[in-house]
Amino acid sequence: METEDILMCPGPNEIADRVIRAMMRPAACPVYEEFQEFYEQTLDLLAQVLQTRHQVVPLPGSGRSGLESAITSVVERGERTLTIVNGQFGDLAMRIVNSIGGKGEGFTSPWGAPIDLEAFAAKLASGPYKLVTMVHNETSTGALYHAEAVARMAHEHGALFLLDAVSSLGGANLPMDAWDVDLVVSCNHKAIGAPIGHAYVAVNDRAWEAMEKRREPCGTLFGNLLTWKAQPSDIPAPGRALRRPQGVFTAVHLFYALHEALTMILEEGLPKRFARHLLNAAAFRSGITALGLQTITKSVEIASPTVTCVCLPDGITSEAFLHLFREDHGLATLPGIGEYRTTAVRVGHMGVTATPRNILHALHAFDSVLTKLGHQHDRGAAVTKAEEAYAEAETA
């Protein structure tokens with residue numbers, strides 16, 4: 001009997017039934033006042049998840065379109081930027097900077113290792129840099145990095161700080177204002193749990209000021225965040241003195257879905273949601289370890305709550321593993337990236353899939369597939385170890 005695959009990718013991720021049902025309603029005209037108010041309310045919910053009082057801009061596309069808009073809006077030709085590169089996606093920011101005539105430089109760290117902050121401080125002091133960027137949760141390695149110290153160091157050297165939170169927002173704590181982050185980039189289809197199609201950029205006052213003081217205008221219209229900046233409303237709604245422009249016709253059904261996904265997050269409560277992701281990630285890693293496998297990220301301190309990158313045994317390719325993972329168990333995910341493409345798989349446990357039901361299913365599937373491919377290990381140990389982790393957490 002055929003069943004629908006369960007997406008346990010590092011993105012896109014499963015979408016809750018509630019979110020799917022929210023899209024099953026007639027389309028609204030985006031320019032009507034009632035939808036404008038719904039648009040504002042939805043972005044207010046998103047600001048709560050970001051733990052910020054600042055404006056969040058929605059942009060059509062995916063996380064990459066948000067990252068490009070954020071960088072293009074603040075960086076001018078000839079300006080230097082510094083990116084922490086400790087995985088595949090750190091490199092993307094530098095490529096964007098260089099494509100618009102900036103001078104993107106990288107501070108390279110080993111994949112899956114903690115950041116050497118002293119060495120980074122020395123590199124930062126060689127500036128000046130207009131912008132510092134880093135990936136909060138690197139899905140090529142399964143590592144989550146502490147951004148607060150990096151933000152502080154960037155500001156001490158007169159730079160803006162951009163945090164790529166594409167795969168962390170909604171699954172890991174990210175208090176934008178408390179950490180004093182200038183620009184946060186994320187998207188719909190990872191830990192938020194909504195359909196592909198929207199990126200977001202949260203912008204603080206320092207970043208808006210940098211955009212407004214550019215020597216040359218931004219070279220794009222709809223990617224220019226100033227196009228989307230809230231302005232005094234012609235018809236002030238109750239409690240709203242500002243109105244956020246819709247830079248394009250909004251995909252209203254995506255907004256219906258996003259509103260429902262954010263409502264679910266806030267109903268659960270941010271502390272409980274973050275704790276749920278941490279617990280299920282830890283249970284998954286304990287099960288993987290019981291099978292004799294290792295993860296790319298070796299330090300528990302930076303292990304991601306939303307993605308784990310698992311190194312496969314010698315002689316087993318990601319292609320062979322993923323075929324059976326999906327064919328026999330209905331679980332869909334992706335291979336490693338870069339040098340790990342054929343030797344590792346990346347498993348997402350975020351949003352809907354960060355639950356014992358999905359974690360135990362995935363660990364049973366790992367056990368079964370590895371056995372079928374000839375790996376010798378203690379059968380059943382993965383599920384047993386994860387169940388022990390859940391039992392300990394319940395007792396605590």
# chains A, B, ... in the order shown; residues from 1 in each chain; ligands from 1
$ closest_atom_pairs --of "region 144-213 of chain A" --to "region 46-65 of chain A" --cutoff "8 Å" --atoms "only C-alpha atoms" --output "CSV"
residue,atom,partner,partner_atom,distance
A:Val166,CA,A:Gly63,CA,5.8
A:Leu169,CA,A:Leu50,CA,7.3
A:Gly170,CA,A:Val49,CA,6.7
A:Leu174,CA,A:Leu50,CA,6.2
A:Pro175,CA,A:Gln51,CA,4.9
A:Met176,CA,A:Thr52,CA,5.6
A:Asp177,CA,A:Thr52,CA,5.3
A:Val185,CA,A:Gly63,CA,6.9
A:Ser186,CA,A:Gly63,CA,5.5
A:Cys187,CA,A:Gly63,CA,5.0
A:Asn188,CA,A:Ser62,CA,7.6
A:Ile196,CA,A:Ser62,CA,6.8
A:Gly197,CA,A:Gly61,CA,4.9
A:His198,CA,A:Pro60,CA,4.7
A:Ala199,CA,A:Ser62,CA,4.9
A:Tyr200,CA,A:Pro58,CA,4.5
A:Val201,CA,A:Val57,CA,5.1
A:Ala202,CA,A:Val56,CA,4.1
A:Val203,CA,A:Gln55,CA,5.9
A:Asn204,CA,A:His54,CA,5.5
A:Asp205,CA,A:His54,CA,7.7
$ write_last_selection --atoms "N, CA and C atoms" --output "mmCIF file, in the first residue's frame"
data_model
loop_
_atom_site.group_PDB
_atom_site.id
_atom_site.type_symbol
_atom_site.label_atom_id
_atom_site.label_comp_id
_atom_site.auth_asym_id
_atom_site.auth_seq_id
_atom_site.Cartn_x
_atom_site.Cartn_y
_atom_site.Cartn_z
ATOM 1 N N VAL A 166 17.624 31.095 8.480
ATOM 2 C CA VAL A 166 16.724 30.384 7.581
ATOM 3 C C VAL A 166 16.225 29.080 8.189
ATOM 4 N N LEU A 169 14.775 29.831 12.770
ATOM 5 C CA LEU A 169 13.627 30.591 13.270
ATOM 6 C C LEU A 169 12.426 29.674 13.479
ATOM 7 N N GLY A 170 11.905 29.696 14.691
ATOM 8 C CA GLY A 170 10.779 28.839 15.032
ATOM 9 C C GLY A 170 11.192 27.522 15.654
ATOM 10 N N LEU A 174 15.809 32.820 19.337
ATOM 11 C CA LEU A 174 16.444 33.884 18.566
ATOM 12 C C LEU A 174 15.838 35.218 19.005
ATOM 13 N N PRO A 175 16.282 35.749 20.131
ATOM 14 C CA PRO A 175 15.765 37.043 20.599
ATOM 15 C C PRO A 175 16.483 38.190 19.879
ATOM 16 N N MET A 176 15.952 38.600 18.756
ATOM 17 C CA MET A 176 16.626 39.585 17.904
ATOM 18 C C MET A 176 17.016 40.853 18.663
ATOM 19 N N ASP A 177 16.092 41.409 19.424
ATOM 20 C CA ASP A 177 16.375 42.675 20.100
ATOM 21 C C ASP A 177 17.360 42.490 21.255
ATOM 22 N N VAL A 185 17.373 37.148 8.604
ATOM 23 C CA VAL A 185 16.767 36.601 7.388
ATOM 24 C C VAL A 185 16.225 35.209 7.693
ATOM 25 N N SER A 186 14.994 34.930 7.260
ATOM 26 C CA SER A 186 14.458 33.581 7.400
ATOM 27 C C SER A 186 13.434 33.338 6.292
ATOM 28 N N CYS A 187 12.684 32.227 6.429
ATOM 29 C CA CYS A 187 11.720 31.880 5.384
ATOM 30 C C CYS A 187 10.622 30.989 5.952
ATOM 31 N N ASN A 188 9.640 30.703 5.097
ATOM 32 C CA ASN A 188 8.442 29.956 5.482
ATOM 33 C C ASN A 188 8.671 28.494 5.821
ATOM 34 N N ILE A 196 6.529 26.714 0.922
ATOM 35 C CA ILE A 196 7.586 27.460 0.245
ATOM 36 C C ILE A 196 6.987 28.675 -0.461
ATOM 37 N N GLY A 197 7.694 29.809 -0.431
ATOM 38 C CA GLY A 197 7.230 30.945 -1.206
ATOM 39 C C GLY A 197 7.499 32.304 -0.614
ATOM 40 N N HIS A 198 7.899 32.354 0.676
ATOM 41 C CA HIS A 198 8.179 33.647 1.291
ATOM 42 C C HIS A 198 9.495 33.620 2.062
ATOM 43 N N ALA A 199 10.235 34.702 1.914
ATOM 44 C CA ALA A 199 11.360 34.986 2.795
ATOM 45 C C ALA A 199 10.952 36.151 3.684
ATOM 46 N N TYR A 200 11.690 36.350 4.777
ATOM 47 C CA TYR A 200 11.465 37.504 5.640
ATOM 48 C C TYR A 200 12.805 38.132 5.974
ATOM 49 N N VAL A 201 12.784 39.438 6.137
ATOM 50 C CA VAL A 201 13.943 40.140 6.681
ATOM 51 C C VAL A 201 13.436 41.057 7.786
ATOM 52 N N ALA A 202 13.900 40.840 9.003
ATOM 53 C CA ALA A 202 13.601 41.744 10.116
ATOM 54 C C ALA A 202 14.708 42.789 10.164
ATOM 55 N N VAL A 203 14.309 44.054 10.296
ATOM 56 C CA VAL A 203 15.253 45.171 10.130
ATOM 57 C C VAL A 203 15.155 46.098 11.340
ATOM 58 N N ASN A 204 16.290 46.383 11.979
ATOM 59 C CA ASN A 204 16.246 47.329 13.096
ATOM 60 C C ASN A 204 16.585 48.747 12.624
ATOM 61 N N ASP A 205 16.528 49.692 13.550
ATOM 62 C CA ASP A 205 16.706 51.104 13.184
ATOM 63 C C ASP A 205 18.099 51.381 12.620
#
$ select_by_dssp --residues "region 152-388 of chain A" --states "strand (DSSP E)" --output "NGL selection string"
:A and (160-164 or 183-187 or 197-203 or 231-237 or 240-243 or 294-295 or 307-311 or 331-332 or 334-335 or 344-348)
$ select_by_dssp --residues "region 6-99 of chain A" --states "helix (DSSP H, G or I)" --output "PyMOL selection string"
chain A and resi 17-22+33-50+63-74+90-99
$ closest_residue --among "A:Pro217, A:Val307, A:Val252, A:Ser286" --to "Met24 (chain A)" --atoms "only C-alpha atoms"
A:Val252
$ residues_around --residues "Arg357 (chain A)" --least-positions-apart "5" --cutoff "12 Å" --atoms "only C-alpha atoms" --output "list in words"
Ile6, Asn280, Ala283, Phe284, His349, Val352, Ala362, Leu363, His364, Val383, Ala386, Glu387 and Tyr390 of chain A
$ closest_residue --among "A:Tyr129, A:Phe249, A:Trp228, A:Phe366" --to "Gly78 (chain A)" --atoms "only C-alpha atoms"
A:Tyr129
$ residues_around --residues "region 253-264 of chain A" --least-positions-apart "4" --cutoff "10 Å" --atoms "only C-alpha atoms" --output "VMD selection string"
chain A and resid 15 to 16 18 to 28 35 38 to 39 41 to 49 58 170 188 to 189 191 to 198 268 to 269 351
$ residues_around --residues "Leu225 (chain A)" --least-positions-apart "4" --cutoff "8 Å" --atoms "only C-alpha atoms" --output "JSON list (two decimals) with C-alpha atoms, in the first residue's frame"
[["chain", "number", "residue", "atom", "x", "y", "z"],
["A", 57, "VAL", "CA", 9.52, 42.55, 5.66],
["A", 69, "SER", "CA", 17.73, 41.62, -0.53],
["A", 70, "ALA", "CA", 19.21, 42.27, 2.91],
["A", 73, "SER", "CA", 20.05, 46.96, 0.51],
["A", 229, "LYS", "CA", 9.47, 50.14, 4.86]]
$ closest_residue --among "A:Leu82, A:Val347, A:Leu266, A:Ile296" --to "Gly11 (chain A)" --atoms "only C-alpha atoms"
A:Val347
$ residues_around --residues "Ser304 (chain A)" --least-positions-apart "2" --cutoff "9 Å" --atoms "only C-alpha atoms" --output "VMD selection string"
chain A and resid 137 to 139 141 to 145 168 172 278 281 297 300 to 302 306 to 308
$ write_last_selection --atoms "C-alpha atoms" --output "compact mmCIF listing (two decimals), in the first residue's frame"
# COMPACT_ATOMS: atom_id res chain seq x y z
CA ASN A 137 22.00 27.19 12.00
CA GLU A 138 24.22 25.62 9.33
CA THR A 139 22.22 22.88 7.61
CA THR A 141 26.74 20.41 9.15
CA GLY A 142 23.93 20.42 11.72
CA ALA A 143 25.53 23.10 13.89
CA LEU A 144 23.86 26.02 15.69
CA TYR A 145 26.13 28.97 16.50
CA SER A 168 16.54 28.15 12.98
CA ALA A 172 15.69 27.69 18.20
CA LEU A 278 16.13 20.39 21.82
CA ALA A 281 17.18 16.47 18.52
CA THR A 297 29.12 18.29 14.34
CA VAL A 300 27.14 18.85 21.78
CA GLU A 301 27.33 22.57 22.67
CA ILE A 302 26.66 23.57 19.06
CA THR A 306 16.52 21.35 13.88
CA VAL A 307 18.97 19.38 11.68
CA THR A 308 21.38 16.49 12.24
$ closest_residue --among "A:Leu370, A:Ala251, A:Leu160, A:Ala320" --to "Cys29 (chain A)" --atoms "only C-alpha atoms"
A:Ala251
$ atom_distance --atom1 "CA of Ala365 (chain A)" --atom2 "CA of Cys309 (chain A)"
15.6 Å
$ residues_around --residues "Asp314 (chain A)" --least-positions-apart "3" --cutoff "12 Å" --atoms "only C-alpha atoms" --output "mmCIF file with C-alpha atoms, in the first residue's frame"
data_model
loop_
_atom_site.group_PDB
_atom_site.id
_atom_site.type_symbol
_atom_site.label_atom_id
_atom_site.label_comp_id
_atom_site.auth_asym_id
_atom_site.auth_seq_id
_atom_site.Cartn_x
_atom_site.Cartn_y
_atom_site.Cartn_z
ATOM 1 C CA GLY A 292 27.752 3.331 15.934
ATOM 2 C CA LEU A 293 27.307 6.393 13.724
ATOM 3 C CA GLN A 294 28.779 9.858 14.112
ATOM 4 C CA CYS A 311 27.987 10.275 8.607
ATOM 5 C CA THR A 317 26.561 5.761 -0.040
ATOM 6 C CA SER A 318 23.978 8.416 0.644
ATOM 7 C CA THR A 342 28.081 10.807 -0.918
ATOM 8 C CA THR A 343 29.010 9.934 2.665
ATOM 9 C CA ALA A 344 26.375 11.632 4.865
ATOM 10 C CA LEU A 370 21.719 -0.043 7.604
ATOM 11 C CA LEU A 373 22.973 -2.594 3.453
ATOM 12 C CA GLY A 374 25.171 -4.895 5.505
ATOM 13 C CA HIS A 375 26.138 -2.752 8.496
ATOM 14 C CA GLN A 376 26.751 -4.614 11.743
#
$ atom_distance --atom1 "CA of Arg276 (chain A)" --atom2 "CA of Glu327 (chain A)"
28.5 Å
$ closest_residue --among "A:Lys190, A:His329, A:His277, A:Lys298" --to "Pro10 (chain A)" --atoms "only C-alpha atoms"
A:Lys190
$ closest_residue --among "A:Leu360, A:Asn13, A:Pro232, A:Val369" --to "Ile316 (chain A)" --atoms "only C-alpha atoms"
A:Val369
